>>> print(open('data_25.pdb').read())   # PDB, C-alpha atoms
ATOM      1  CA  MET F1451     -83.520 255.296  37.991
ATOM      2  CA  ARG F1452     -85.872 257.424  35.901
ATOM      3  CA  ASN F1453     -88.396 258.967  38.190
ATOM      4  CA  GLU F1454     -91.928 259.408  36.942
ATOM      5  CA  VAL F1455     -92.479 262.315  39.308
ATOM      6  CA  PHE F1456     -90.264 264.437  37.080
ATOM      7  CA  LYS F1457     -92.662 264.096  34.174
ATOM      8  CA  SER F1458     -95.248 266.041  36.135
ATOM      9  CA  GLN F1459     -92.812 268.900  36.643
ATOM     10  CA  LEU F1460     -92.935 271.473  33.901
ATOM     11  CA  CYS F1461     -89.794 273.238  35.109
ATOM     12  CA  SER F1462     -86.984 273.052  32.573
ATOM     13  CA  VAL F1463     -84.458 272.255  35.284
ATOM     14  CA  ALA F1464     -86.461 269.165  36.274
ATOM     15  CA  ARG F1465     -86.971 268.118  32.677
ATOM     16  CA  ALA F1466     -83.314 268.688  31.825
ATOM     17  CA  LEU F1467     -82.285 266.604  34.839
ATOM     18  CA  GLU F1468     -84.639 263.880  33.707
ATOM     19  CA  LEU F1469     -82.593 263.692  30.511
ATOM     20  CA  ILE F1470     -79.079 264.346  31.681
ATOM     21  CA  GLY F1471     -79.114 264.390  35.475
ATOM     22  CA  GLU F1472     -77.946 260.875  36.020
ATOM     23  CA  TRP F1473     -74.280 261.019  36.956
ATOM     24  CA  TRP F1474     -72.752 258.851  34.257
ATOM     25  CA  THR F1475     -74.762 260.574  31.576
ATOM     26  CA  LEU F1476     -73.150 263.989  32.070
ATOM     27  CA  LEU F1477     -69.701 262.418  32.450
ATOM     28  CA  ILE F1478     -70.185 260.665  29.108
ATOM     29  CA  VAL F1479     -71.031 264.060  27.590
ATOM     30  CA  ARG F1480     -67.921 265.576  29.202
ATOM     31  CA  GLU F1481     -65.856 262.703  27.798
ATOM     32  CA  ALA F1482     -67.328 263.327  24.340
ATOM     33  CA  PHE F1483     -66.257 266.993  24.706
ATOM     34  CA  PHE F1484     -62.701 265.676  25.137
ATOM     35  CA  GLY F1485     -63.017 263.942  21.775
ATOM     36  CA  THR F1486     -63.777 260.373  22.883
ATOM     37  CA  LYS F1487     -65.895 258.515  20.309
ATOM     38  CA  ARG F1488     -65.533 254.750  20.789
ATOM     39  CA  PHE F1489     -67.364 252.544  23.280
ATOM     40  CA  SER F1490     -64.118 251.003  24.550
ATOM     41  CA  ASP F1491     -62.571 254.467  25.052
ATOM     42  CA  PHE F1492     -65.555 255.717  27.075
ATOM     43  CA  GLU F1493     -65.344 252.498  29.102
ATOM     44  CA  ARG F1494     -61.629 252.902  29.809
ATOM     45  CA  MET F1495     -61.611 256.674  30.440
ATOM     46  CA  LEU F1496     -64.633 256.610  32.736
ATOM     47  CA  GLY F1497     -64.025 253.267  34.447
ATOM     48  CA  VAL F1498     -67.696 252.466  33.915
ATOM     49  CA  ALA F1499     -69.199 248.979  33.599
ATOM     50  CA  LYS F1500     -70.075 247.880  30.040
ATOM     51  CA  ASN F1501     -73.772 247.360  30.808
ATOM     52  CA  VAL F1502     -74.125 250.774  32.483
ATOM     53  CA  LEU F1503     -72.302 252.519  29.615
ATOM     54  CA  SER F1504     -74.395 250.711  27.042
ATOM     55  CA  ASP F1505     -77.594 251.717  28.847
ATOM     56  CA  ARG F1506     -76.553 255.372  29.170
ATOM     57  CA  LEU F1507     -75.394 255.676  25.549
ATOM     58  CA  SER F1508     -78.717 254.231  24.509
ATOM     59  CA  ASN F1509     -80.599 256.802  26.660
ATOM     60  CA  LEU F1510     -78.445 259.604  25.244
ATOM     61  CA  GLY F1511     -79.349 258.390  21.762
ATOM     62  CA  GLU F1512     -83.073 258.283  22.555
ATOM     63  CA  SER F1513     -82.960 261.785  24.031
ATOM     64  CA  GLY F1514     -81.150 263.107  20.976
ATOM     65  CA  VAL F1515     -78.035 264.194  22.904
ATOM     66  CA  MET F1516     -75.679 261.756  21.150
ATOM     67  CA  GLU F1517     -75.823 259.768  17.952
ATOM     68  CA  ARG F1518     -74.171 256.653  16.645
ATOM     69  CA  SER F1519     -72.572 256.385  13.231
ATOM     70  CA  ALA F1520     -70.166 254.119  11.382
ATOM     71  CA  GLY F1521     -66.591 254.951  12.381
ATOM     72  CA  ALA F1522     -63.362 254.627  10.406
ATOM     73  CA  GLY F1523     -61.277 251.452  10.658
ATOM     74  CA  ARG F1524     -61.614 247.693  10.623
ATOM     75  CA  GLY F1525     -64.415 245.665  12.177
ATOM     76  CA  ASN F1526     -67.294 248.103  11.655
ATOM     77  CA  PRO F1527     -66.497 250.335  14.627
ATOM     78  CA  GLN F1528     -69.237 252.669  15.861
ATOM     79  CA  ASP F1529     -68.641 256.317  16.735
ATOM     80  CA  TYR F1530     -70.722 257.946  19.452
ATOM     81  CA  THR F1531     -70.778 261.699  18.911
ATOM     82  CA  LEU F1532     -72.694 264.658  20.271
ATOM     83  CA  THR F1533     -75.603 266.114  18.361
ATOM     84  CA  GLU F1534     -76.220 269.882  18.311
ATOM     85  CA  LYS F1535     -78.379 269.384  21.422
ATOM     86  CA  GLY F1536     -75.446 267.609  23.099
ATOM     87  CA  VAL F1537     -72.840 270.189  22.077
ATOM     88  CA  ASP F1538     -75.146 272.807  23.615
ATOM     89  CA  LEU F1539     -74.506 271.235  27.055
ATOM     90  CA  PHE F1540     -71.024 272.830  26.886
ATOM     91  CA  THR F1541     -72.116 275.761  29.075
ATOM     92  CA  VAL F1542     -73.707 273.482  31.699
ATOM     93  CA  VAL F1543     -70.626 271.258  31.928
ATOM     94  CA  ILE F1544     -68.242 274.242  32.077
ATOM     95  CA  ALA F1545     -70.375 275.962  34.769
ATOM     96  CA  LEU F1546     -70.390 272.737  36.791
ATOM     97  CA  MET F1547     -66.633 272.256  36.323
ATOM     98  CA  GLN F1548     -65.901 275.806  37.466
ATOM     99  CA  TRP F1549     -68.133 275.359  40.530
ATOM    100  CA  GLY F1550     -66.215 272.160  41.367
ATOM    101  CA  ASP F1551     -62.907 273.991  40.862
ATOM    102  CA  ARG F1552     -63.986 276.765  43.234
ATOM    103  CA  TRP F1553     -65.587 274.685  45.985
ATOM    104  CA  ILE F1554     -64.226 271.143  45.835
ATOM    105  CA  ASN F1555     -60.818 270.893  44.253
ATOM    106  CA  GLY F1556     -59.936 274.504  45.076
ATOM    107  CA  PRO F1557     -59.135 277.049  42.363
ATOM    108  CA  ASP F1558     -55.362 276.455  42.627
ATOM    109  CA  GLN F1559     -55.904 272.697  42.226
ATOM    110  CA  ALA F1560     -58.008 272.689  39.064
ATOM    111  CA  PRO F1561     -57.173 269.435  37.215
ATOM    112  CA  ILE F1562     -57.654 270.983  33.774
ATOM    113  CA  ARG F1563     -57.790 274.429  32.225
ATOM    114  CA  VAL F1564     -59.864 275.344  29.184
ATOM    115  CA  LEU F1565     -58.279 277.806  26.766
ATOM    116  CA  ASP F1566     -59.361 279.643  23.646
ATOM    117  CA  ARG F1567     -57.709 277.758  20.797
ATOM    118  CA  GLU F1568     -56.960 280.948  18.881
ATOM    119  CA  THR F1569     -55.483 283.203  21.567
ATOM    120  CA  GLY F1570     -54.559 280.736  24.353
ATOM    121  CA  GLU F1571     -56.547 282.917  26.744
ATOM    122  CA  GLU F1572     -58.201 281.027  29.604
ATOM    123  CA  ILE F1573     -61.990 281.012  29.898
ATOM    124  CA  SER F1574     -63.541 283.129  32.668
ATOM    125  CA  PRO F1575     -66.077 282.031  35.267
ATOM    126  CA  VAL F1576     -69.444 281.666  33.529
ATOM    127  CA  GLN F1577     -71.888 284.382  34.584
ATOM    128  CA  VAL F1578     -75.578 285.090  34.133
ATOM    129  CA  ARG F1579     -76.113 288.373  32.276
ATOM    130  CA  THR F1580     -78.848 290.442  30.701
ATOM    131  CA  ALA F1581     -78.742 291.225  26.972
ATOM    132  CA  GLY F1582     -77.175 294.547  27.978
ATOM    133  CA  GLY F1583     -74.303 292.669  29.639
ATOM    134  CA  LYS F1584     -75.194 293.359  33.284
ATOM    135  CA  VAL F1585     -74.109 290.480  35.534
ATOM    136  CA  ILE F1586     -77.093 289.074  37.455
ATOM    137  CA  SER F1587     -76.654 287.302  40.781
ATOM    138  CA  LEU F1588     -79.346 285.360  42.630
ATOM    139  CA  ALA F1589     -80.090 288.483  44.692
ATOM    140  CA  ASP F1590     -80.807 290.494  41.503
ATOM    141  CA  ALA F1591     -83.173 287.903  40.033
ATOM    142  CA  VAL F1592     -86.961 287.829  40.012
ATOM    143  CA  VAL F1593     -88.990 284.971  38.578
ATOM    144  CA  VAL F1594     -92.162 285.578  36.562
ATOM    145  CA  PRO F1595     -94.382 283.072  34.689
ATOM    146  CA  GLY F1596     -93.110 282.286  31.181
ATOM    147  CA  PRO F1597     -95.162 281.666  28.017
ATOM    148  CA  GLY F1598     -95.426 277.959  28.907
ATOM    149  CA  ALA F1599     -96.524 278.440  32.529
ATOM    150  CA  ASN F1600     -99.437 276.357  33.788
ATOM    151  CA  GLY F1601    -101.956 277.478  36.433
ATOM    152  CA  ALA F1602     -99.805 276.415  39.364
ATOM    153  CA  ILE F1603     -96.760 278.293  38.085
ATOM    154  CA  ARG F1604     -98.903 281.345  37.316
ATOM    155  CA  ARG F1605    -100.331 281.400  40.827
ATOM    156  CA  ARG F1606     -96.921 280.956  42.319
ATOM    157  CA  PHE F1607     -95.063 283.620  40.368
ATOM    158  CA  GLU F1608     -97.825 285.957  39.162
ATOM    159  CA  TRP F1609     -96.701 288.837  41.315
ATOM    160  CA  PRO F1610     -93.037 289.326  40.664
ATOM    161  CA  ARG F1611     -91.798 287.563  43.696
ATOM    162  CA  GLU F1612     -88.379 288.040  45.165
ATOM    163  CA  VAL F1613     -86.048 285.135  44.751
ATOM    164  CA  GLU F1614     -84.355 284.202  48.022
TER
ATOM    165  CA  MET P 946     -76.600 256.129  45.281
ATOM    166  CA  ARG P 947     -73.173 257.632  45.953
ATOM    167  CA  ASN P 948     -70.714 255.933  43.705
ATOM    168  CA  GLU P 949     -67.237 255.276  44.996
ATOM    169  CA  VAL P 950     -65.827 255.345  41.484
ATOM    170  CA  PHE P 951     -66.296 259.105  41.439
ATOM    171  CA  LYS P 952     -63.865 259.583  44.312
ATOM    172  CA  SER P 953     -61.090 258.335  42.071
ATOM    173  CA  GLN P 954     -61.912 260.941  39.439
ATOM    174  CA  LEU P 955     -60.081 264.198  39.939
ATOM    175  CA  CYS P 956     -62.181 266.019  37.356
ATOM    176  CA  SER P 957     -64.218 268.829  38.882
ATOM    177  CA  VAL P 958     -67.274 267.840  36.854
ATOM    178  CA  ALA P 959     -67.189 264.363  38.400
ATOM    179  CA  ARG P 960     -66.573 265.721  41.881
ATOM    180  CA  ALA P 961     -69.321 268.324  41.523
ATOM    181  CA  LEU P 962     -71.734 265.636  40.323
ATOM    182  CA  GLU P 963     -70.795 263.527  43.318
ATOM    183  CA  LEU P 964     -72.075 266.382  45.498
ATOM    184  CA  ILE P 965     -74.991 267.727  43.559
ATOM    185  CA  GLY P 966     -75.643 265.392  40.653
ATOM    186  CA  GLU P 967     -78.403 263.382  42.227
ATOM    187  CA  TRP P 968     -81.682 264.641  40.754
ATOM    188  CA  TRP P 969     -83.521 265.703  43.882
ATOM    189  CA  THR P 970     -80.490 267.484  45.197
ATOM    190  CA  LEU P 971     -80.342 270.055  42.399
ATOM    191  CA  LEU P 972     -84.132 270.472  42.452
ATOM    192  CA  ILE P 973     -83.949 271.256  46.177
ATOM    193  CA  VAL P 974     -81.322 273.898  45.370
ATOM    194  CA  ARG P 975     -83.587 275.323  42.635
ATOM    195  CA  GLU P 976     -86.480 275.388  45.116
ATOM    196  CA  ALA P 977     -84.285 277.240  47.627
ATOM    197  CA  PHE P 978     -83.525 279.785  44.850
ATOM    198  CA  PHE P 979     -87.298 280.399  44.691
ATOM    199  CA  GLY P 980     -87.255 281.275  48.391
ATOM    200  CA  THR P 981     -88.482 277.985  49.900
ATOM    201  CA  LYS P 982     -87.060 277.433  53.388
ATOM    202  CA  ARG P 983     -89.264 274.964  55.305
ATOM    203  CA  PHE P 984     -89.184 271.170  55.133
ATOM    204  CA  SER P 985     -92.955 270.970  54.525
ATOM    205  CA  ASP P 986     -92.738 273.530  51.693
ATOM    206  CA  PHE P 987     -89.920 271.627  49.941
ATOM    207  CA  GLU P 988     -91.994 268.466  50.368
ATOM    208  CA  ARG P 989     -95.125 270.033  48.867
ATOM    209  CA  MET P 990     -93.477 271.993  46.059
ATOM    210  CA  LEU P 991     -91.318 269.084  44.908
ATOM    211  CA  GLY P 992     -93.742 266.242  45.593
ATOM    212  CA  VAL P 993     -90.867 264.329  47.176
ATOM    213  CA  ALA P 994     -91.168 261.652  49.871
ATOM    214  CA  LYS P 995     -90.276 262.782  53.415
ATOM    215  CA  ASN P 996     -87.500 260.226  53.832
ATOM    216  CA  VAL P 997     -85.871 261.128  50.486
ATOM    217  CA  LEU P 998     -86.095 264.859  51.243
ATOM    218  CA  SER P 999     -84.674 264.364  54.722
ATOM    219  CA  ASP P1000     -81.778 262.345  53.314
ATOM    220  CA  ARG P1001     -81.004 264.906  50.585
ATOM    221  CA  LEU P1002     -81.187 267.903  52.933
ATOM    222  CA  SER P1003     -78.834 266.082  55.238
ATOM    223  CA  ASN P1004     -76.384 265.435  52.355
ATOM    224  CA  LEU P1005     -76.640 269.078  51.285
ATOM    225  CA  GLY P1006     -75.805 270.076  54.858
ATOM    226  CA  GLU P1007     -72.807 267.742  55.007
ATOM    227  CA  SER P1008     -71.488 269.047  51.675
ATOM    228  CA  GLY P1009     -71.863 272.650  52.842
ATOM    229  CA  VAL P1010     -74.380 273.590  50.122
ATOM    230  CA  MET P1011     -77.254 274.291  52.546
ATOM    231  CA  GLU P1012     -77.487 274.967  56.255
ATOM    232  CA  ARG P1013     -80.168 274.643  58.882
ATOM    233  CA  SER P1014     -81.062 277.375  61.344
ATOM    234  CA  ALA P1015     -83.891 278.267  63.705
ATOM    235  CA  GLY P1016     -86.737 279.851  61.760
ATOM    236  CA  ALA P1017     -89.315 282.423  62.856
ATOM    237  CA  GLY P1018     -92.676 281.274  64.250
ATOM    238  CA  ARG P1019     -94.139 278.809  66.700
ATOM    239  CA  GLY P1020     -92.988 275.256  67.297
ATOM    240  CA  ASN P1021     -89.243 275.717  66.711
ATOM    241  CA  PRO P1022     -89.416 275.601  62.905
ATOM    242  CA  GLN P1023     -86.179 274.999  61.042
ATOM    243  CA  ASP P1024     -85.115 276.999  57.989
ATOM    244  CA  TYR P1025     -83.040 275.334  55.282
ATOM    245  CA  THR P1026     -81.100 277.986  53.376
ATOM    246  CA  LEU P1027     -78.290 278.057  50.849
ATOM    247  CA  THR P1028     -74.725 278.759  51.936
ATOM    248  CA  GLU P1029     -72.416 280.847  49.727
ATOM    249  CA  LYS P1030     -71.352 277.573  48.088
ATOM    250  CA  GLY P1031     -75.029 276.827  47.382
ATOM    251  CA  VAL P1032     -75.858 280.296  46.059
ATOM    252  CA  ASP P1033     -72.897 279.867  43.699
ATOM    253  CA  LEU P1034     -74.822 277.059  41.936
ATOM    254  CA  PHE P1035     -77.029 279.797  40.425
ATOM    255  CA  THR P1036     -75.104 279.745  37.143
ATOM    256  CA  VAL P1037     -75.288 275.944  36.861
ATOM    257  CA  VAL P1038     -79.049 275.870  37.506
ATOM    258  CA  ILE P1039     -79.713 278.757  35.093
ATOM    259  CA  ALA P1040     -77.551 277.140  32.376
ATOM    260  CA  LEU P1041     -79.446 273.858  32.858
ATOM    261  CA  MET P1042     -82.825 275.644  32.831
ATOM    262  CA  GLN P1043     -81.983 277.481  29.617
ATOM    263  CA  TRP P1044     -80.837 274.245  27.967
ATOM    264  CA  GLY P1045     -84.146 272.624  28.991
ATOM    265  CA  ASP P1046     -86.030 275.654  27.620
ATOM    266  CA  ARG P1047     -84.215 275.383  24.283
ATOM    267  CA  TRP P1048     -84.333 271.627  23.790
ATOM    268  CA  ILE P1049     -87.156 270.148  25.855
ATOM    269  CA  ASN P1050     -89.932 272.597  26.597
ATOM    270  CA  GLY P1051     -89.125 274.724  23.548
ATOM    271  CA  PRO P1052     -88.109 278.397  23.869
ATOM    272  CA  ASP P1053     -91.688 279.649  23.360
ATOM    273  CA  GLN P1054     -92.926 277.295  26.094
ATOM    274  CA  ALA P1055     -90.549 278.281  28.899
ATOM    275  CA  PRO P1056     -92.468 277.804  32.175
ATOM    276  CA  ILE P1057     -90.688 280.680  33.923
ATOM    277  CA  ARG P1058     -88.666 283.733  32.971
ATOM    278  CA  VAL P1059     -85.879 285.209  35.079
ATOM    279  CA  LEU P1060     -85.628 289.006  35.088
ATOM    280  CA  ASP P1061     -83.273 291.581  36.522
ATOM    281  CA  ARG P1062     -85.084 292.971  39.556
ATOM    282  CA  GLU P1063     -83.843 296.478  38.868
ATOM    283  CA  THR P1064     -84.540 296.913  35.155
ATOM    284  CA  GLY P1065     -87.016 294.098  34.422
ATOM    285  CA  GLU P1066     -84.713 293.012  31.604
ATOM    286  CA  GLU P1067     -84.693 289.268  30.909
ATOM    287  CA  ILE P1068     -81.501 287.275  31.379
ATOM    288  CA  SER P1069     -79.665 286.131  28.248
ATOM    289  CA  PRO P1070     -78.464 282.633  27.426
ATOM    290  CA  VAL P1071     -75.422 281.898  29.582
ATOM    291  CA  GLN P1072     -72.234 281.762  27.543
ATOM    292  CA  VAL P1073     -68.635 280.726  28.101
ATOM    293  CA  ARG P1074     -66.274 283.681  27.567
ATOM    294  CA  THR P1075     -62.641 284.650  27.957
ATOM    295  CA  ALA P1076     -61.673 287.519  30.280
ATOM    296  CA  GLY P1077     -61.648 289.701  27.158
ATOM    297  CA  GLY P1078     -65.317 288.841  26.549
ATOM    298  CA  LYS P1079     -64.887 286.583  23.519
ATOM    299  CA  VAL P1080     -67.606 283.909  23.410
ATOM    300  CA  ILE P1081     -66.050 280.425  23.367
ATOM    301  CA  SER P1082     -67.864 277.456  21.873
ATOM    302  CA  LEU P1083     -66.822 273.826  22.176
ATOM    303  CA  ALA P1084     -65.090 274.119  18.794
ATOM    304  CA  ASP P1085     -62.920 277.011  20.083
ATOM    305  CA  ALA P1086     -61.848 275.212  23.248
ATOM    306  CA  VAL P1087     -58.601 273.385  24.003
ATOM    307  CA  VAL P1088     -57.954 271.552  27.254
ATOM    308  CA  VAL P1089     -54.562 271.680  28.985
ATOM    309  CA  PRO P1090     -53.496 270.233  32.363
ATOM    310  CA  GLY P1091     -54.329 272.526  35.303
ATOM    311  CA  PRO P1092     -52.278 273.154  38.472
ATOM    312  CA  GLY P1093     -53.978 270.171  40.151
ATOM    313  CA  ALA P1094     -53.446 267.708  37.298
ATOM    314  CA  ASN P1095     -52.142 264.247  38.156
ATOM    315  CA  GLY P1096     -49.949 262.094  35.921
ATOM    316  CA  ALA P1097     -52.847 260.633  33.966
ATOM    317  CA  ILE P1098     -54.346 264.045  33.194
ATOM    318  CA  ARG P1099     -50.907 265.401  32.266
ATOM    319  CA  ARG P1100     -50.285 262.556  29.853
ATOM    320  CA  ARG P1101     -53.711 262.964  28.340
ATOM    321  CA  PHE P1102     -53.686 266.714  27.817
ATOM    322  CA  GLU P1103     -49.982 267.600  27.763
ATOM    323  CA  TRP P1104     -49.963 268.543  24.123
ATOM    324  CA  PRO P1105     -52.775 271.009  23.642
ATOM    325  CA  ARG P1106     -55.234 268.600  22.215
ATOM    326  CA  GLU P1107     -58.218 269.566  20.185
ATOM    327  CA  VAL P1108     -61.499 269.159  21.899
ATOM    328  CA  GLU P1109     -63.984 267.343  19.684
TER
END
>>> encode(input="data_25.pdb", output="structure tokens")
Amino acid sequence: MRNEVFKSQLCSVARALELIGEWWTLLIVREAFFGTKRFSDFERMLGVAKNVLSDRLSNLGESGVMERSAGAGRGNPQDYTLTEKGVDLFTVVIALMQWGDRWINGPDQAPIRVLDRETGEEISPVQVRTAGGKVISLADAVVVPGPGANGAIRRRFEWPREVE
Amino acid sequence: MRNEVFKSQLCSVARALELIGEWWTLLIVREAFFGTKRFSDFERMLGVAKNVLSDRLSNLGESGVMERSAGAGRGNPQDYTLTEKGVDLFTVVIALMQWGDRWINGPDQAPIRVLDRETGEEISPVQVRTAGGKVISLADAVVVPGPGANGAIRRRFEWPREVE
């Protein structure tokens, strides 16, 4: 399912999707957020076929999103846990969950709620902000070439161009 | 590529992925954020095959993420634009882009930068916060059943359970 075309795309969205865009992959990460560690638990919680799960866990290992280590207990169990790179997908998964709550399940039918452990306060909708705290919507955003832009990106975005 | 297993998953992450998880789909949404409207421009900018693009635009229409309307110019051109539901994916795409910048391209090799049109200030890394503004990491988060939880979700998360 990996698509070579993505390799030619410099864009970080494309390259991030190349790593974690495949459906099962992000659901495995979500499941790891819930504390699942064992192969058989991922299999049962996700209802995913053994060979697919094995393949995805292997990809997640190669991409440095998850790692395998010796778990506690009899029979040399293996634990699959998130690396720092994997834990950092928290914002992506929460943003995607909140979008699904708003537009698919409906906000009053959210299957789970995520609370601050310390205060019990519920998390708010994730927003894009400037360092000064100003909330930025798509209409407020302009795209300019970054430090890693190639010629094509430079030509496309050289003059601050209005985003749709 | 649609996977029936996802329909049985109530989780909003799974249901959101069912709609927008397929690689090309989210890249089409990103391209629409950049202001692309025409079939031939999506085709050229993404380097995607006509039949794949046609299929994905059709899915995006059916899911209410994009809509088609008569465009300006000769030859009855069609414009493909984001609905409100599509525009609301801004946070997800930005969170994914920033993750790719941090972990794949490297922060000093970001291909594009997103600025506030008004002040020219760059956007900050997207964070999960409570209504009070406290930044919540995975380690701070607990999951509890939401108003739309079914029996399985209730049993799993009834006792505020520590997220990994």
>>> interface_residues(input="data_25.pdb", of="chain F", to="chain P", cutoff="6 Å", atoms="all atoms listed in the file", output="PyMOL selection string")
chain F and resi 1462-1463+1466+1471+1473+1483-1485+1542+1545-1547+1550-1551+1559-1567+1572-1574+1576+1578-1581+1590-1599+1613-1614
>>> write_last_selection(input="data_25.pdb", atoms="C-alpha atoms", output="short mmCIF file (atom, residue, chain, number, x, y, z; two decimals), in the coordinates of the input")
data_model
loop_
_atom_site.label_atom_id
_atom_site.label_comp_id
_atom_site.auth_asym_id
_atom_site.auth_seq_id
_atom_site.Cartn_x
_atom_site.Cartn_y
_atom_site.Cartn_z
CA SER F 1462 -86.98 273.05 32.57
CA VAL F 1463 -84.46 272.26 35.28
CA ALA F 1466 -83.31 268.69 31.82
CA GLY F 1471 -79.11 264.39 35.48
CA TRP F 1473 -74.28 261.02 36.96
CA PHE F 1483 -66.26 266.99 24.71
CA PHE F 1484 -62.70 265.68 25.14
CA GLY F 1485 -63.02 263.94 21.78
CA VAL F 1542 -73.71 273.48 31.70
CA ALA F 1545 -70.38 275.96 34.77
CA LEU F 1546 -70.39 272.74 36.79
CA MET F 1547 -66.63 272.26 36.32
CA GLY F 1550 -66.22 272.16 41.37
CA ASP F 1551 -62.91 273.99 40.86
CA GLN F 1559 -55.90 272.70 42.23
CA ALA F 1560 -58.01 272.69 39.06
CA PRO F 1561 -57.17 269.44 37.22
CA ILE F 1562 -57.65 270.98 33.77
CA ARG F 1563 -57.79 274.43 32.22
CA VAL F 1564 -59.86 275.34 29.18
CA LEU F 1565 -58.28 277.81 26.77
CA ASP F 1566 -59.36 279.64 23.65
CA ARG F 1567 -57.71 277.76 20.80
CA GLU F 1572 -58.20 281.03 29.60
CA ILE F 1573 -61.99 281.01 29.90
CA SER F 1574 -63.54 283.13 32.67
CA VAL F 1576 -69.44 281.67 33.53
CA VAL F 1578 -75.58 285.09 34.13
CA ARG F 1579 -76.11 288.37 32.28
CA THR F 1580 -78.85 290.44 30.70
CA ALA F 1581 -78.74 291.23 26.97
CA ASP F 1590 -80.81 290.49 41.50
CA ALA F 1591 -83.17 287.90 40.03
CA VAL F 1592 -86.96 287.83 40.01
CA VAL F 1593 -88.99 284.97 38.58
CA VAL F 1594 -92.16 285.58 36.56
CA PRO F 1595 -94.38 283.07 34.69
CA GLY F 1596 -93.11 282.29 31.18
CA PRO F 1597 -95.16 281.67 28.02
CA GLY F 1598 -95.43 277.96 28.91
CA ALA F 1599 -96.52 278.44 32.53
CA VAL F 1613 -86.05 285.14 44.75
CA GLU F 1614 -84.36 284.20 48.02
#
>>> resolve_selection(input="data_25.pdb", expression="the PyMOL selection byres ((chain F and resi 1490) around 12)", output="list in words")
Thr1486, Lys1487, Arg1488, Phe1489, Asp1491, Phe1492, Glu1493, Arg1494, Met1495, Leu1496, Gly1497, Val1498, Ala1499, Lys1500, Leu1503, Ser1504, Pro1527, Gln1528, Asp1529 and Tyr1530 of chain F
>>> atom_distance(input="data_25.pdb", atom1="CA of Arg1001 (chain P)", atom2="CA of Glu1512 (chain F)")
28.9 Å
>>> atom_distance(input="data_25.pdb", atom1="CA of Leu1507 (chain F)", atom2="CA of Thr1533 (chain F)")
12.7 Å
>>> atom_distance(input="data_25.pdb", atom1="CA of Val997 (chain P)", atom2="CA of Arg1019 (chain P)")
25.4 Å
